[in-house]
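Peer 1: This is start-v4.cif (mmCIF, C-alpha atoms and all ligand atoms).
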data_structure
loop_
_atom_site.label_atom_id
_atom_site.label_comp_id
_atom_site.auth_asym_id
_atom_site.auth_seq_id
_atom_site.Cartn_x
_atom_site.Cartn_y
_atom_site.Cartn_z
CA MET A 17 -22.08 -13.65 -11.35
CA THR A 18 -22.68 -12.15 -14.80
CA MET A 19 -25.96 -13.21 -16.34
CA LYS A 20 -26.20 -14.06 -20.03
CA SER A 21 -29.30 -13.98 -22.15
CA ILE A 22 -30.09 -14.50 -25.80
CA LEU A 23 -29.72 -11.36 -27.87
CA ALA A 24 -31.63 -11.37 -31.16
CA LEU A 25 -30.89 -8.53 -33.56
CA THR A 26 -29.75 -7.78 -37.10
CA VAL A 27 -26.10 -6.92 -37.69
CA ASN A 28 -25.02 -5.73 -41.12
CA GLY A 29 -28.15 -7.12 -42.71
CA ARG A 30 -27.99 -10.59 -41.12
CA GLY A 31 -30.22 -11.80 -38.32
CA ARG A 32 -28.33 -13.23 -35.32
CA GLU A 33 -29.01 -14.83 -31.97
CA ASP A 34 -26.15 -14.93 -29.48
CA ALA A 35 -25.81 -15.62 -25.76
CA VAL A 36 -24.55 -12.28 -24.49
CA ALA A 37 -23.71 -11.06 -20.99
CA ASP A 38 -26.12 -8.42 -19.78
CA ASN A 39 -23.23 -6.00 -19.16
CA MET A 40 -21.43 -6.55 -22.48
CA LEU A 41 -20.86 -3.37 -24.44
CA LEU A 42 -22.02 -3.17 -28.03
CA TYR A 43 -18.41 -2.38 -29.02
CA ASP A 44 -17.13 -5.66 -27.52
CA TYR A 45 -20.07 -7.64 -28.90
CA LEU A 46 -19.41 -6.38 -32.43
CA ARG A 47 -15.69 -7.05 -32.34
CA GLU A 48 -15.47 -10.21 -30.24
CA THR A 49 -18.73 -12.05 -30.96
CA VAL A 50 -19.60 -10.84 -34.46
CA GLY A 51 -15.98 -10.42 -35.58
CA ALA A 52 -16.62 -7.00 -37.09
CA THR A 53 -13.34 -5.37 -36.11
CA GLY A 54 -13.70 -2.23 -38.23
CA THR A 55 -15.23 -0.34 -35.30
CA LYS A 56 -12.47 1.38 -33.31
CA MET A 57 -12.04 2.37 -29.67
CA GLY A 58 -10.71 5.85 -28.97
CA CYS A 59 -11.61 7.39 -25.63
CA ASP A 60 -13.67 4.51 -24.18
CA GLY A 61 -15.94 7.11 -22.62
CA GLY A 62 -18.41 8.55 -25.10
CA GLU A 63 -16.33 11.58 -26.03
CA CYS A 64 -14.55 10.96 -29.37
CA GLY A 65 -16.96 9.19 -31.74
CA ALA A 66 -14.40 6.67 -33.02
CA CYS A 67 -16.69 3.78 -32.06
CA THR A 68 -19.79 5.13 -33.84
CA VAL A 69 -22.14 2.59 -35.43
CA LEU A 70 -25.73 2.94 -36.63
CA VAL A 71 -28.62 1.54 -34.61
CA ASP A 72 -31.82 1.72 -36.67
CA ASP A 73 -29.99 4.29 -38.84
CA SER A 74 -29.10 6.57 -35.91
CA PRO A 75 -25.46 7.06 -34.86
CA ARG A 76 -24.64 5.54 -31.47
CA PHE A 77 -21.39 5.32 -29.51
CA SER A 78 -20.85 1.58 -29.18
CA CYS A 79 -18.44 2.11 -26.24
CA ILE A 80 -21.28 3.33 -24.00
CA THR A 81 -24.14 1.24 -25.42
CA LEU A 82 -25.05 -2.14 -23.97
CA ALA A 83 -25.39 -4.86 -26.59
CA GLN A 84 -28.63 -6.00 -24.95
CA ASP A 85 -30.12 -2.54 -25.54
CA CYS A 86 -30.01 -3.35 -29.27
CA ALA A 87 -32.37 -6.33 -29.00
CA GLY A 88 -34.70 -6.41 -32.00
CA ARG A 89 -32.83 -3.57 -33.68
CA ARG A 90 -30.73 -3.18 -36.80
CA VAL A 91 -27.04 -2.45 -36.20
CA ASP A 92 -24.79 -1.39 -39.07
CA THR A 93 -21.01 -1.14 -38.85
CA ILE A 94 -18.44 0.05 -41.36
CA GLU A 95 -18.34 -3.52 -42.75
CA SER A 96 -21.89 -3.12 -44.04
CA LEU A 97 -21.13 -0.38 -46.55
CA ALA A 98 -19.03 -1.84 -49.37
CA GLN A 99 -20.99 -4.18 -51.63
CA ASP A 100 -19.39 -6.76 -53.93
CA GLY A 101 -15.98 -5.18 -53.39
CA ARG A 102 -17.23 -1.73 -54.40
CA LEU A 103 -16.97 1.20 -51.97
CA SER A 104 -20.21 2.90 -50.97
CA PRO A 105 -20.71 6.59 -51.89
CA ILE A 106 -19.58 7.83 -48.47
CA GLN A 107 -16.52 5.58 -48.46
CA ARG A 108 -15.65 6.79 -51.96
CA GLY A 109 -16.15 10.38 -50.80
CA PHE A 110 -13.58 9.95 -48.00
CA HIS A 111 -11.18 8.23 -50.38
CA GLU A 112 -11.45 10.82 -53.17
CA ALA A 113 -11.48 13.90 -50.93
CA LEU A 114 -8.51 12.57 -48.91
CA GLY A 115 -10.68 12.60 -45.81
CA ALA A 116 -8.38 10.33 -43.80
CA GLN A 117 -4.75 10.36 -42.70
CA CYS A 118 -4.06 7.85 -39.91
CA GLY A 119 -7.61 6.53 -40.41
CA TYR A 120 -8.31 5.82 -36.77
CA CYS A 121 -11.35 8.08 -36.58
CA THR A 122 -12.50 7.16 -40.07
CA PRO A 123 -14.94 4.26 -39.41
CA GLY A 124 -16.76 6.40 -36.84
CA MET A 125 -16.69 9.47 -39.08
CA ILE A 126 -18.03 7.47 -41.99
CA MET A 127 -20.84 5.86 -39.98
CA ALA A 128 -21.88 9.22 -38.49
CA SER A 129 -21.86 10.65 -42.04
CA GLU A 130 -23.82 7.68 -43.37
CA GLY A 131 -26.41 8.23 -40.65
CA LEU A 132 -26.72 11.87 -41.69
CA LEU A 133 -27.15 10.99 -45.36
CA ARG A 134 -29.83 8.41 -44.56
CA ARG A 135 -31.97 11.06 -42.90
CA ASN A 136 -30.91 14.02 -45.07
CA ALA A 137 -29.68 13.21 -48.58
CA ASP A 138 -28.60 16.78 -49.35
CA PRO A 139 -27.20 18.35 -46.17
CA SER A 140 -25.79 21.87 -45.94
CA ASP A 141 -22.24 22.39 -44.65
CA ASP A 142 -23.70 23.49 -41.31
CA GLU A 143 -25.77 20.32 -41.13
CA ILE A 144 -22.68 18.22 -41.91
CA ARG A 145 -20.71 20.04 -39.18
CA ALA A 146 -23.53 19.52 -36.69
CA ALA A 147 -23.81 15.81 -37.54
CA LEU A 148 -20.06 15.30 -37.03
CA ALA A 149 -19.73 17.54 -33.97
CA SER A 150 -19.30 14.52 -31.69
CA ASN A 151 -16.59 12.92 -33.84
CA ILE A 152 -13.02 14.02 -33.20
CA CYS A 153 -10.21 13.81 -35.77
CA ARG A 154 -6.67 14.42 -34.54
CA CYS A 155 -4.85 14.60 -37.85
CA THR A 156 -6.84 15.22 -41.04
CA GLY A 157 -8.70 18.29 -39.85
CA TYR A 158 -12.30 18.77 -40.84
CA VAL A 159 -12.26 20.59 -44.20
CA LYS A 160 -11.59 17.45 -46.24
CA ILE A 161 -14.00 15.41 -44.15
CA ILE A 162 -16.81 17.87 -44.90
CA GLU A 163 -15.82 17.77 -48.57
CA ALA A 164 -16.04 13.95 -48.44
CA VAL A 165 -19.62 14.09 -47.18
CA ARG A 166 -20.50 16.70 -49.81
CA ARG A 167 -19.13 14.42 -52.56
CA ALA A 168 -21.13 11.48 -51.31
CA ALA A 169 -24.30 13.57 -51.17
CA ALA A 170 -23.74 14.82 -54.72
CA GLU A 171 -23.38 11.24 -55.89
CA THR A 172 -26.64 10.08 -54.37
CA VAL A 173 -29.10 12.98 -54.95
S1 LIG B 201 -14.46 5.32 -28.14
FE1 LIG B 201 -16.60 5.60 -28.02
S2 LIG B 201 -16.89 7.73 -28.03
FE2 LIG B 201 -14.72 7.47 -27.95
S1 LIG B 202 -7.54 10.57 -39.68
FE1 LIG B 202 -6.26 10.41 -37.91
S2 LIG B 202 -7.60 10.85 -36.28
FE2 LIG B 202 -8.78 11.29 -38.03
#
Show me this structure written as structure tokens.
Ligand code: FES
Ligand code: FES
Peer 2:
Amino acid sequence: MTMKSILALTVNGRGREDAVADNMLLYDYLRETVGATGTKMGCDGGECGACTVLVDDSPRFSCITLAQDCAGRRVDTIESLAQDGRLSPIQRGFHEALGAQCGYCTPGMIMASEGLLRRNADPSDDEIRAALASNICRCTGYVKIIEAVRRAAAETV
């Protein structure tokens, strides 16, 4: 029988307490319990980065992270970025640099990029490439994605 226990954490700036199965993945918790459906599933195995969210500002693959491992932590998804209907700098960067085509990888790419910019406001191209090395894009290619992160950095430094 699956055990449930109370999970207390902060999601997108709001404190929550939910009864959550001990084996529930963070990905499923975010989409099914929180209702934050912006996070996408690609490989379901920790290999593509589509499901990336931030846990205490560090990128994590939500498809291989247990929700209960985030107890007491701060989880941010793509829904946390826009404020009052206004895109955040990294979202604007992807929009203006045409950093998305089908968009499936985009929430994960943006959250991995946001994590980079939170720890390094002015990254070099090599640092951007390294930060996005675990995120796969099948259709845009990476030149415009790197340009998107550069634009966001220029806006915030
Ligand atoms: S869906 Fe999580 S890494 Fe691919
Ligand atoms: S925009 Fe299509 S997979 Fe990246």
Peer 1: When you count all atoms listed in the file, which of these residues is closest to ligand LIG 201 (chain B): A:Gly31, A:Gly109, A:Cys121, A:Asp72?
Peer 2: A:Cys121
Peer 1: Just checking: using only C-alpha atoms and all ligand atoms, which residue out of A:Gly51, A:Gly157, A:Pro123, A:Gly115 ends up closest to ligand LIG 201 (chain B)?
Peer 2: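 Selected residue with least distance to ligand LIG 201 (chain B): A:Pro123.
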Peer 1: What residues have any atom no more than 8 Å from ligand LIG 201 (chain B) when counting only C-alpha atoms and all ligand atoms, and can you list them as an MDAnalysis selection string?
Peer 2: chainID A and resid 56:68 77:80 151
Peer 1: Tell me, as a list of chain:residue names, which residues lie within 10 Å of Phe110 in chain A, counting only C-alpha atoms; anything in the same chain fewer than 2 positions away does not count.
Peer 2: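 Once the nearby chain positions are removed, what remains is A:Pro105, A:Ile106, A:Gln107, A:Arg108, A:Glu112, A:Ala113, A:Leu114, A:Gly115, A:Ala116, A:Thr122, A:Met125, A:Ile126, A:Lys160, A:Ile161, A:Ile162, A:Glu163, A:Ala164, A:Val165, A:Arg166, A:Arg167, A:Ala168.
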Peer 1: At a cut-off of 6 Å and counting all atoms listed in the file, what residues surround ligand LIG 202 (chain B)? Please answer as a CSV table (one decimal) with C-alpha atoms, keeping the file's coordinate frame.
Peer 2:
chain,number,residue,atom,x,y,z
A,116,ALA,CA,-8.4,10.3,-43.8
A,117,GLN,CA,-4.8,10.4,-42.7
A,118,CYS,CA,-4.1,7.8,-39.9
A,119,GLY,CA,-7.6,6.5,-40.4
A,120,TYR,CA,-8.3,5.8,-36.8
A,121,CYS,CA,-11.4,8.1,-36.6
A,122,THR,CA,-12.5,7.2,-40.1
A,153,CYS,CA,-10.2,13.8,-35.8
A,154,ARG,CA,-6.7,14.4,-34.5
A,155,CYS,CA,-4.8,14.6,-37.8
A,156,THR,CA,-6.8,15.2,-41.0
Peer 1: Which of these residues is nearest to Gly88 in chain A, using only C-alpha atoms: A:Asp142, A:Glu48, A:Asp73, A:Glu33?
Peer 2: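 Counting only C-alpha atoms, the residue closest to Gly88 in chain A is A:Glu33.
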Peer 1: Choose the residue, out of A:Thr26, A:Ser129, A:Asn136, A:Ser21, that has the smallest atom-to-atom separation from Ser150 in chain A; count all atoms listed in the file.
Peer 2: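 With all atoms listed in the file as the atom set, the closest residue is A:Ser129.
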Peer 1: I want to know what sits within 8 Å of Glu95 in chain A, based on all atoms listed in the file, with residues of the same chain fewer than 2 positions away left out; could you give that as number ranges by chain?
Peer 2: A: 28, 52, 54, 92-93, 97-98
Peer 1: Using all atoms listed in the file, collect all residues at a distance of at most 6 Å from (-23.6, 2.2, -43.8) as written in the file, then present them as a list in words.
Peer 2: Ser96, Leu97, Met127 and Glu130 of chain A
Peer 1: Expressed in Å to a single decimal, how great is the separation between CA of Leu41 in chain A and CA of Arg76 in chain A?
Peer 2: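 These atoms are spaced 12.0 Å apart.
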Peer 1: Any idea what the distance is between CA of Cys86 in chain A and CA of Tyr45 in chain A?
Peer 2: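 If I compute the distance from CA of Cys86 in chain A to CA of Tyr45 in chain A, I get 10.8 Å.
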Peer 1: Please produce, as a tab-separated table, a per-residue contact table for range 17-90 of chain A versus range 131-134 of chain A (criterion: any atom at most 9 Å away, all atoms listed in the file considered), showing the nearest atom pair and its distance in Å to one decimal, sorted by chain then residue number.
Peer 2:
residue	atom	partner	partner_atom	distance
A:Val69	CA	A:Gly131	CA	8.8
A:Leu70	CA	A:Gly131	CA	6.7
A:Asp73	CA	A:Gly131	CA	5.6
A:Ser74	CA	A:Gly131	CA	5.7
A:Pro75	CA	A:Gly131	CA	6.0
Peer 1: Would you mind telling me which residue in A:Asp141, A:Glu171, A:Asp85, A:Asp100 lies nearest to Ala24 in chain A when using only C-alpha atoms?
Peer 2: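 Ranking A:Asp141, A:Glu171, A:Asp85, A:Asp100 by distance to Ala24 in chain A, first place goes to A:Asp85.
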Peer 1: If I take CA of Arg102 in chain A and CA of Thr172 in chain A, how far is one from the other in Å, to one decimal?
Peer 2: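 Distance reported for this atom pair: 15.1 Å.
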Peer 1: As lines of an AutoDock Vina configuration file, what would the box around range 94-103 of chain A look like: edges along x, y and z, 5 Å added on every side, centre and edge lengths in Å to one decimal?
Peer 2:
center_x = -18.9
center_y = -2.8
center_z = -47.9
size_x = 15.9
size_y = 18.0
size_z = 23.0
Peer 1: Rank A:Thr18, A:Gln99, A:Ser140, A:Thr81 by their smallest atom-to-atom distance to Tyr43 in chain A, using all atoms listed in the file, and report the top residue only.
Peer 2: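 Ranking A:Thr18, A:Gln99, A:Ser140, A:Thr81 by distance to Tyr43 in chain A, first place goes to A:Thr81.
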